[in-house]
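Visitor: Coordinates in protein12.pdb, PDB, C-alpha atoms, are listed below.
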```pdb
ATOM      1  CA  MET W   1      71.390  -1.019  -1.475
ATOM      2  CA  LEU W   2      74.838  -2.450  -2.277
ATOM      3  CA  LEU W   3      76.045  -1.432  -5.735
ATOM      4  CA  THR W   4      78.891  -2.821  -7.803
ATOM      5  CA  GLU W   5      79.825  -3.798 -11.342
ATOM      6  CA  THR W   6      80.612  -7.218 -12.788
ATOM      7  CA  SER W   7      84.377  -7.725 -12.717
ATOM      8  CA  PRO W   8      86.866 -10.379 -11.564
ATOM      9  CA  PHE W   9      87.338  -8.394  -8.346
ATOM     10  CA  THR W  10      83.615  -8.413  -7.500
ATOM     11  CA  LEU W  11      82.179 -11.581  -9.034
ATOM     12  CA  LYS W  12      82.545 -14.700  -6.917
ATOM     13  CA  SER W  13      83.067 -17.897  -8.901
ATOM     14  CA  PRO W  14      81.774 -21.266  -7.660
ATOM     15  CA  ALA W  15      84.461 -22.916  -9.812
ATOM     16  CA  SER W  16      87.397 -21.147  -8.149
ATOM     17  CA  ILE W  17      88.545 -20.096  -4.695
ATOM     18  CA  HIS W  18      89.972 -16.936  -6.265
ATOM     19  CA  GLY W  19      88.051 -13.920  -7.525
ATOM     20  CA  GLY W  20      85.375 -11.766  -6.005
ATOM     21  CA  GLU W  21      87.652 -10.690  -3.158
ATOM     22  CA  ALA W  22      86.084  -7.239  -2.912
ATOM     23  CA  THR W  23      82.595  -8.701  -2.557
ATOM     24  CA  ILE W  24      83.727 -11.265   0.004
ATOM     25  CA  PHE W  25      85.271  -8.536   2.148
ATOM     26  CA  VAL W  26      82.351  -6.109   1.835
ATOM     27  CA  GLU W  27      79.846  -8.835   2.706
ATOM     28  CA  SER W  28      81.963  -9.764   5.735
ATOM     29  CA  LEU W  29      82.020  -6.120   6.805
ATOM     30  CA  LEU W  30      78.250  -5.753   6.458
ATOM     31  CA  GLU W  31      77.683  -8.951   8.418
ATOM     32  CA  HIS W  32      79.966  -7.718  11.199
ATOM     33  CA  ALA W  33      78.112  -4.378  11.240
ATOM     34  CA  ASP W  34      74.784  -6.263  11.375
ATOM     35  CA  GLN W  35      73.498  -4.482   8.263
ATOM     36  CA  ASN W  36      70.905  -5.971   5.921
ATOM     37  CA  TYR W  37      71.431  -5.216   2.247
ATOM     38  CA  GLN W  38      70.280  -5.933  -1.285
ATOM     39  CA  MET W  39      73.065  -6.592  -3.792
ATOM     40  CA  SER W  40      72.778  -5.091  -7.288
ATOM     41  CA  TYR W  41      75.282  -5.664 -10.112
ATOM     42  CA  GLN W  42      74.975  -2.800 -12.596
ATOM     43  CA  PRO W  43      76.989  -1.183 -15.393
ATOM     44  CA  TRP W  44      79.350   1.209 -13.630
ATOM     45  CA  LYS W  45      77.768   4.392 -14.988
ATOM     46  CA  ARG W  46      74.369   3.408 -13.552
ATOM     47  CA  ALA W  47      75.813   2.199 -10.250
ATOM     48  CA  TYR W  48      77.777   5.432  -9.891
ATOM     49  CA  LEU W  49      74.675   7.562 -10.524
ATOM     50  CA  ASN W  50      72.568   5.542  -8.084
ATOM     51  CA  ALA W  51      75.244   5.835  -5.410
ATOM     52  CA  GLN W  52      75.103   9.606  -5.754
ATOM     53  CA  THR W  53      71.314   9.884  -5.574
ATOM     54  CA  LYS W  54      69.878   6.989  -3.518
ATOM     55  CA  PRO W  55      69.707   7.103   0.288
ATOM     56  CA  ASN W  56      71.641   4.440   2.209
ATOM     57  CA  ALA W  57      73.456   3.272  -0.925
ATOM     58  CA  LEU W  58      76.898   1.662  -0.813
ATOM     59  CA  ILE W  59      79.218   1.328  -3.800
ATOM     60  CA  TYR W  60      82.467  -0.564  -4.321
ATOM     61  CA  PRO W  61      85.199  -0.831  -5.515
ATOM     62  CA  ILE W  62      85.238   2.904  -6.194
ATOM     63  CA  ALA W  63      88.428   4.860  -6.829
ATOM     64  CA  ARG W  64      88.938   7.679  -4.361
ATOM     65  CA  ALA W  65      90.065  10.925  -5.958
ATOM     66  CA  SER W  66      89.999  14.618  -5.109
ATOM     67  CA  SER W  67      87.273  15.154  -7.720
ATOM     68  CA  ARG W  68      85.012  12.702  -5.844
ATOM     69  CA  GLU W  69      85.982  13.521  -2.266
ATOM     70  CA  ASP W  70      82.826  15.472  -1.368
ATOM     71  CA  GLN W  71      80.430  13.231  -3.303
ATOM     72  CA  PHE W  72      80.547  10.241  -0.936
ATOM     73  CA  HIS W  73      81.269   9.068   2.581
ATOM     74  CA  TRP W  74      84.471   6.993   2.368
ATOM     75  CA  VAL W  75      84.121   3.934   4.590
ATOM     76  CA  GLY W  76      87.513   2.303   4.046
ATOM     77  CA  GLN W  77      90.136   1.317   1.511
ATOM     78  CA  LEU W  78      89.973  -2.120  -0.072
ATOM     79  CA  ILE W  79      93.317  -2.014  -1.893
ATOM     80  CA  PRO W  80      95.841   0.519  -3.170
ATOM     81  CA  VAL W  81      95.677   1.101  -6.912
ATOM     82  CA  THR W  82      97.824   2.529  -9.685
ATOM     83  CA  TYR W  83      96.544   3.149 -13.206
ATOM     84  CA  TYR W  84      98.496   2.918 -16.450
ATOM     85  CA  LEU W  85      97.821   3.444 -20.123
ATOM     86  CA  PHE W  86      98.450   0.224 -22.055
ATOM     87  CA  ARG W  87      98.984  -0.607 -25.704
ATOM     88  CA  VAL W  88      99.366  -3.909 -27.551
ATOM     89  CA  SER W  89     103.024  -4.911 -27.203
ATOM     90  CA  ASP W  90     103.868  -5.197 -30.891
ATOM     91  CA  LYS W  91     102.292  -1.830 -31.795
ATOM     92  CA  ASN W  92     105.655  -0.093 -31.532
ATOM     93  CA  HIS W  93     104.508   2.834 -33.664
ATOM     94  CA  ILE W  94     102.292   3.941 -30.749
ATOM     95  CA  LYS W  95     104.665   6.155 -28.798
ATOM     96  CA  VAL W  96     103.381   7.804 -25.630
ATOM     97  CA  ASP W  97     105.644   9.731 -23.264
ATOM     98  CA  SER W  98     103.030  12.147 -21.910
ATOM     99  CA  LEU W  99      99.286  12.740 -21.678
ATOM    100  CA  ASP W 100      99.537  15.115 -24.612
ATOM    101  CA  ASP W 101     101.040  12.297 -26.704
ATOM    102  CA  ALA W 102      98.120  10.041 -25.750
ATOM    103  CA  LYS W 103      95.659  12.573 -27.154
ATOM    104  CA  ASN W 104      96.875  11.619 -30.634
ATOM    105  CA  TRP W 105      95.528   8.066 -30.296
ATOM    106  CA  LYS W 106      92.163   6.335 -29.890
ATOM    107  CA  VAL W 107      91.666   5.573 -26.191
ATOM    108  CA  GLY W 108      89.193   3.055 -24.814
ATOM    109  CA  VAL W 109      87.756   3.752 -21.347
ATOM    110  CA  VAL W 110      85.131   2.227 -19.058
ATOM    111  CA  ASN W 111      82.128   4.519 -18.824
ATOM    112  CA  GLU W 112      82.477   6.900 -15.835
ATOM    113  CA  HIS W 113      85.345   4.981 -14.265
ATOM    114  CA  ILE W 114      87.802   7.329 -12.616
ATOM    115  CA  HIS W 115      90.206   7.098 -15.554
ATOM    116  CA  HIS W 116      87.387   8.153 -17.915
ATOM    117  CA  GLN W 117      86.557  11.161 -15.748
ATOM    118  CA  TYR W 118      90.231  12.050 -15.371
ATOM    119  CA  LEU W 119      91.049  11.905 -19.081
ATOM    120  CA  LYS W 120      87.957  13.981 -19.912
ATOM    121  CA  SER W 121      89.124  16.589 -17.416
ATOM    122  CA  GLN W 122      92.494  16.688 -19.186
ATOM    123  CA  GLY W 123      90.912  17.628 -22.514
ATOM    124  CA  PHE W 124      90.790  14.232 -24.256
ATOM    125  CA  ASN W 125      88.253  14.123 -27.092
ATOM    126  CA  ASN W 126      89.309  10.760 -28.523
ATOM    127  CA  LEU W 127      87.720   8.548 -25.854
ATOM    128  CA  GLN W 128      85.593   5.488 -26.649
ATOM    129  CA  PRO W 129      83.543   4.430 -23.581
ATOM    130  CA  VAL W 130      82.494   0.801 -23.059
ATOM    131  CA  ASN W 131      81.042  -1.103 -20.102
ATOM    132  CA  SER W 132      84.021  -3.280 -19.098
ATOM    133  CA  ASN W 133      87.797  -3.524 -19.135
ATOM    134  CA  TYR W 134      87.532  -6.810 -21.019
ATOM    135  CA  GLN W 135      85.840  -5.016 -23.926
ATOM    136  CA  ASN W 136      88.765  -2.607 -24.129
ATOM    137  CA  ILE W 137      91.290  -5.438 -24.197
ATOM    138  CA  LYS W 138      89.446  -7.141 -27.062
ATOM    139  CA  LYS W 139      89.135  -3.853 -28.964
ATOM    140  CA  ALA W 140      92.861  -3.224 -28.564
ATOM    141  CA  LEU W 141      93.720  -6.692 -29.883
ATOM    142  CA  LEU W 142      91.420  -6.083 -32.864
ATOM    143  CA  GLY W 143      93.040  -2.698 -33.567
ATOM    144  CA  ARG W 144      89.879  -0.709 -32.852
ATOM    145  CA  ILE W 145      91.576   1.336 -30.122
ATOM    146  CA  ASP W 146      95.227   2.186 -29.575
ATOM    147  CA  LEU W 147      95.377   2.677 -25.806
ATOM    148  CA  PHE W 148      93.361   1.784 -22.730
ATOM    149  CA  PRO W 149      93.769   2.605 -19.016
ATOM    150  CA  MET W 150      93.714  -0.135 -16.426
ATOM    151  CA  SER W 151      94.881  -0.759 -12.881
ATOM    152  CA  ASP W 152      97.808  -2.947 -11.915
ATOM    153  CA  GLY W 153      95.879  -5.629 -10.041
ATOM    154  CA  GLY W 154      92.974  -5.477 -12.464
ATOM    155  CA  MET W 155      95.195  -6.237 -15.440
ATOM    156  CA  MET W 156      96.697  -9.336 -13.845
ATOM    157  CA  GLN W 157      93.359 -10.669 -12.613
ATOM    158  CA  LEU W 158      91.682 -10.196 -15.988
ATOM    159  CA  CYS W 159      94.523 -11.971 -17.785
ATOM    160  CA  SER W 160      94.282 -14.864 -15.327
ATOM    161  CA  ARG W 161      90.499 -15.188 -15.441
ATOM    162  CA  ASP W 162      90.160 -14.990 -19.213
ATOM    163  CA  GLU W 163      93.385 -16.857 -20.038
ATOM    164  CA  LEU W 164      94.894 -13.869 -21.800
ATOM    165  CA  ASP W 165      98.634 -13.528 -22.310
ATOM    166  CA  CYS W 166      99.585 -10.416 -20.356
ATOM    167  CA  SER W 167     102.790 -10.161 -22.372
ATOM    168  CA  SER W 168     100.568  -9.121 -25.299
ATOM    169  CA  PHE W 169     100.241  -5.729 -23.590
ATOM    170  CA  LYS W 170     102.674  -3.085 -22.443
ATOM    171  CA  PRO W 171     102.201  -0.196 -19.986
ATOM    172  CA  VAL W 172     103.349   3.015 -21.643
ATOM    173  CA  LEU W 173     102.305   5.775 -19.229
ATOM    174  CA  LYS W 174     101.649   5.885 -15.496
ATOM    175  CA  LEU W 175      98.597   7.969 -14.590
ATOM    176  CA  HIS W 176      99.962   9.497 -11.399
ATOM    177  CA  ALA W 177      97.018  11.768 -10.591
ATOM    178  CA  VAL W 178      94.118   9.376 -11.024
ATOM    179  CA  ALA W 179      93.303   7.721  -7.687
ATOM    180  CA  LYS W 180      94.147   7.197  -4.027
ATOM    181  CA  GLY W 181      92.973   3.579  -3.823
ATOM    182  CA  LEU W 182      89.819   1.502  -4.309
ATOM    183  CA  TYR W 183      87.259   1.966  -1.536
ATOM    184  CA  LEU W 184      83.872   1.076  -0.161
ATOM    185  CA  ALA W 185      81.877   4.316  -0.133
ATOM    186  CA  ALA W 186      78.369   5.428   0.795
ATOM    187  CA  SER W 187      75.986   7.989  -0.645
ATOM    188  CA  ARG W 188      76.001  11.386   1.060
ATOM    189  CA  ASN W 189      72.424  10.897   2.276
ATOM    190  CA  THR W 190      73.213   7.656   4.101
ATOM    191  CA  ASP W 191      72.118   7.457   7.742
ATOM    192  CA  PRO W 192      75.082   8.679   9.869
ATOM    193  CA  SER W 193      74.602   5.795  12.302
ATOM    194  CA  ILE W 194      75.151   3.334   9.440
ATOM    195  CA  ILE W 195      78.345   5.127   8.407
ATOM    196  CA  HIS W 196      79.583   4.959  11.995
ATOM    197  CA  GLN W 197      78.843   1.232  12.279
ATOM    198  CA  LEU W 198      80.507   0.460   8.950
ATOM    199  CA  LYS W 199      83.659   2.402   9.799
ATOM    200  CA  ASP W 200      83.894   0.700  13.191
ATOM    201  CA  SER W 201      83.522  -2.732  11.588
ATOM    202  CA  TYR W 202      86.087  -1.842   8.938
ATOM    203  CA  GLU W 203      88.640  -1.042  11.647
ATOM    204  CA  VAL W 204      87.894  -4.329  13.402
ATOM    205  CA  LEU W 205      88.413  -6.368  10.211
ATOM    206  CA  VAL W 206      91.652  -4.537   9.460
ATOM    207  CA  ASN W 207      92.983  -5.015  12.983
ATOM    208  CA  ASN W 208      92.042  -8.703  13.245
ATOM    209  CA  GLY W 209      93.692  -9.548   9.913
ATOM    210  CA  GLN W 210      90.544 -10.385   7.934
ATOM    211  CA  HIS W 211      91.092  -7.485   5.535
ATOM    212  CA  GLU W 212      94.570  -8.695   4.571
ATOM    213  CA  LYS W 213      93.530 -12.352   4.495
ATOM    214  CA  ILE W 214      90.574 -11.832   2.163
ATOM    215  CA  LEU W 215      92.289  -9.360  -0.162
ATOM    216  CA  ARG W 216      95.687 -11.067  -0.215
ATOM    217  CA  GLN W 217      95.242 -12.590  -3.687
ATOM    218  CA  ARG W 218      94.570  -9.174  -5.193
ATOM    219  CA  LEU W 219      97.602  -7.696  -3.437
ATOM    220  CA  LEU W 220      99.742 -10.557  -4.750
ATOM    221  CA  ARG W 221      98.539  -9.758  -8.261
ATOM    222  CA  ILE W 222      99.771  -6.191  -7.835
ATOM    223  CA  GLU W 223     103.170  -7.581  -6.843
ATOM    224  CA  ALA W 224     103.142  -9.899  -9.868
ATOM    225  CA  PHE W 225     102.248  -6.966 -12.097
ATOM    226  CA  ASN W 226     105.223  -4.970 -10.840
ATOM    227  CA  GLN W 227     107.558  -7.921 -11.364
ATOM    228  CA  ARG W 228     106.329  -8.640 -14.891
ATOM    229  CA  TRP W 229     106.928  -5.118 -16.144
ATOM    230  CA  ALA W 230     109.840  -4.156 -13.881
ATOM    231  CA  THR W 231     111.990  -2.911 -16.764
ATOM    232  CA  GLU W 232     109.283  -0.645 -18.142
ATOM    233  CA  PHE W 233     108.570   0.713 -14.652
ATOM    234  CA  GLU W 234     112.125   1.943 -14.235
ATOM    235  CA  THR W 235     111.255   4.456 -16.949
ATOM    236  CA  LEU W 236     107.580   5.028 -16.129
ATOM    237  CA  ASN W 237     108.069   5.628 -12.416
ATOM    238  CA  ALA W 238     110.776   8.158 -13.137
ATOM    239  CA  ASN W 239     108.442  10.248 -15.301
TER     240      ASN W 239
END
```
Could you render the structure as structure tokens?
Guide:
Amino acid sequence: MLLTETSPFTLKSPASIHGGEATIFVESLLEHADQNYQMSYQPWKRAYLNAQTKPNALIYPIARASSREDQFHWVGQLIPVTYYLFRVSDKNHIKVDSLDDAKNWKVGVVNEHIHHQYLKSQGFNNLQPVNSNYQNIKKALLGRIDLFPMSDGGMMQLCSRDELDCSSFKPVLKLHAVAKGLYLAASRNTDPSIIHQLKDSYEVLVNNGQHEKILRQRLLRIEAFNQRWATEFETLNAN
């Protein structure tokens, strides 16, 4: 079973050559490893639970973190990732210089995403879970939440796909401790021979350039993200 959520990074579009890069790479990896699979798009909370309990289950793109390290077999990294807390740009009264400051505001999260789990572990009780990042963006624009966490590449891709003006949002806090990258992972009760084959195929696709070729658009979006908010990052990266 191959588990993922519906997002610009996973959903291939027949109308565009861009999007769905994670799925394209994972399918290429499975083909190289000669593995049959059944794809299932699910809300993240359900996909995450199934990946913890079902045998021979794969899940992507899942953030790797110390809190999850022993829950999965980690096949290989798709892309690096950095998470930030965002607010609407003109909401200048929302001032956040630390996690403790953020606890004073309404925060939208995606149910059981790594940022949701991380903020819960830090004592946040003002979290409003939804099923997608897009829902959080709309809620922020409507004033229903004050802050929302999102990754660098994810923010740029969502703005591009849904024709949103990224300048409407501003990163206010870098979440340093959240994740070590987005990965393809397998349930703990996956056949060891499958894990071995997948890891071998991952190394082949990295070494022959397919990994970089397929995921290049997402990596370019991370670069664009850093360029767009370069001034803010001088402050955020120093904190």
Visitor: Determine the residue membership of the PyMOL selection byres ((chain W and resi 156) around 9) for the file above and supply it as an MDAnalysis selection string.
Guide: chainID W and resid 151:155 157:161 166 218 221:222 224:225
Visitor: For the PyMOL selection byres ((chain W and resi 74) around 8), applied here, can you spell out every residue it catches as a short mmCIF file (atom, residue, chain, number, x, y, z; two decimals) with C-alpha atoms, keeping the file's coordinate frame?
Guide:
```cif
data_model
loop_
_atom_site.label_atom_id
_atom_site.label_comp_id
_atom_site.auth_asym_id
_atom_site.auth_seq_id
_atom_site.Cartn_x
_atom_site.Cartn_y
_atom_site.Cartn_z
CA PHE W 72 80.55 10.24 -0.94
CA HIS W 73 81.27 9.07 2.58
CA VAL W 75 84.12 3.93 4.59
CA GLY W 76 87.51 2.30 4.05
CA TYR W 183 87.26 1.97 -1.54
CA LEU W 184 83.87 1.08 -0.16
CA ALA W 185 81.88 4.32 -0.13
CA ALA W 186 78.37 5.43 0.80
#
```
Visitor: CA of Ser13 in chain W and CA of Gln77 in chain W are how many Å apart?
Guide: 23.0 Å
Visitor: Which value, in Å to one decimal, gives the distance between CA of Val204 in chain W and CA of Leu3 in chain W?
Guide: 22.7 Å
Visitor: Choose the residue, out of W:Glu21, W:Glu203, W:Glu5, W:Asp101, that has the smallest atom-to-atom separation from Leu147 in chain W; count all atoms listed in the file.
Guide: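 Result for the nearest residue to Leu147 in chain W: W:Asp101.
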Visitor: Using CA of Asn189 in chain W and CA of Asp70 in chain W as the two end points, give the distance in Å to one decimal.
Guide: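 Taking CA of Asn189 in chain W as the start and CA of Asp70 in chain W as the end point, the length is 11.9 Å.
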Visitor: For Val88 in chain W, which of W:Leu29, W:Leu119, W:Val172, W:Ala47 is the closest residue, counting only C-alpha atoms?
Guide: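 So, comparing all the options, the nearest one is W:Val172.
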Visitor: For the point (83.0, -4.7, -16.7) in the file's frame, write as number ranges by chain all residues with an atom no more than 6 Å away, counting all atoms listed in the file.
Guide: W: 6-7, 131-133
Visitor: Restricted to C-alpha atoms, what would the selected residues look like written as a compact mmCIF listing (two decimals), keeping the file's coordinate frame?
Guide:
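Written file, result-v2.txt:
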```txt
# COMPACT_ATOMS: atom_id res chain seq x y z
CA THR W 6 80.61 -7.22 -12.79
CA SER W 7 84.38 -7.72 -12.72
CA ASN W 131 81.04 -1.10 -20.10
CA SER W 132 84.02 -3.28 -19.10
CA ASN W 133 87.80 -3.52 -19.14
```
Visitor: Excluding Ala65 in chain W and any residue of its chain fewer than 6 positions from it, enumerate the residues within 8 Å of it, using all atoms listed in the file, and give them as a VMD selection string.
Guide: chain W and resid 114 178 to 180
Visitor: Using C-alpha atoms, can you export the residues from the last selection as a PDB file, keeping the file's coordinate frame?
Guide:
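selection_29.pdb, written as the output of this step:
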```pdb
ATOM      1  CA  ILE W 114      87.802   7.329 -12.616  1.00  0.00           C
ATOM      2  CA  VAL W 178      94.118   9.376 -11.024  1.00  0.00           C
ATOM      3  CA  ALA W 179      93.303   7.721  -7.687  1.00  0.00           C
ATOM      4  CA  LYS W 180      94.147   7.197  -4.027  1.00  0.00           C
TER       5      LYS W 180
END
```
Visitor: Select, counting all atoms listed in the file, all protein, DNA and RNA residues no farther than 9 Å from (90.0, -2.8, -23.7) in file coordinates, and express the selection as number ranges by chain.
Guide: W: 107-110, 130, 132-141, 145, 147-150
Visitor: As a check of understanding, name the residues that the PyMOL selection byres ((chain W and resi 167) around 10) selects in the supplied structure, as a PDB file with C-alpha atoms, in the coordinates of the input.
Guide:
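As written to disk, result30.pdb reads:
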```pdb
ATOM      1  CA  VAL W  88      99.366  -3.909 -27.551  1.00  0.00           C
ATOM      2  CA  SER W  89     103.024  -4.911 -27.203  1.00  0.00           C
ATOM      3  CA  ASP W  90     103.868  -5.197 -30.891  1.00  0.00           C
ATOM      4  CA  CYS W 159      94.523 -11.971 -17.785  1.00  0.00           C
ATOM      5  CA  LEU W 164      94.894 -13.869 -21.800  1.00  0.00           C
ATOM      6  CA  ASP W 165      98.634 -13.528 -22.310  1.00  0.00           C
ATOM      7  CA  CYS W 166      99.585 -10.416 -20.356  1.00  0.00           C
ATOM      8  CA  SER W 168     100.568  -9.121 -25.299  1.00  0.00           C
ATOM      9  CA  PHE W 169     100.241  -5.729 -23.590  1.00  0.00           C
ATOM     10  CA  LYS W 170     102.674  -3.085 -22.443  1.00  0.00           C
ATOM     11  CA  ARG W 228     106.329  -8.640 -14.891  1.00  0.00           C
ATOM     12  CA  TRP W 229     106.928  -5.118 -16.144  1.00  0.00           C
TER      13      TRP W 229
END
```
Visitor: Taking only C-alpha atoms into account, name the residue in W:Val96, W:Leu78, W:Leu2, W:Leu175 that is nearest to Asp146 in chain W.
Guide: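 Among W:Val96, W:Leu78, W:Leu2, W:Leu175, it is W:Val96 that comes nearest to Asp146 in chain W.
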Visitor: Check the smallest atom-to-atom distance from each of W:Thr82, W:Asn111, W:Ser98, W:Thr10 to Pro61 in chain W using all atoms listed in the file, then report the winner.
Guide: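 Distance minimum relative to Pro61 in chain W lands on W:Thr10.
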Visitor: Here is a test: counting all atoms listed in the file, which residue of W:His115, W:Trp105, W:Phe9, W:Asn125 is nearest to Tyr84 in chain W?
Guide: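 Of all the options, W:His115 lies closest to Tyr84 in chain W.
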Visitor: When distances are computed from all atoms listed in the file, which of W:Thr53, W:Thr190, W:Ser28, W:Thr4 shows the smallest separation from Ser40 in chain W?
Guide: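 Counting all atoms listed in the file, the residue closest to Ser40 in chain W is W:Thr4.
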Visitor: For range 28-35 of chain W, take all atoms listed in the file, fit an axis-aligned box around them, add 4 Å to each of the six sides, then output centre and edge lengths in Å rounded to one decimal, as JSON.
Guide:
```
{"center_x": 77.8, "center_y": -7.1, "center_z": 8.6, "size_x": 16.5, "size_y": 13.4, "size_z": 13.6}
```
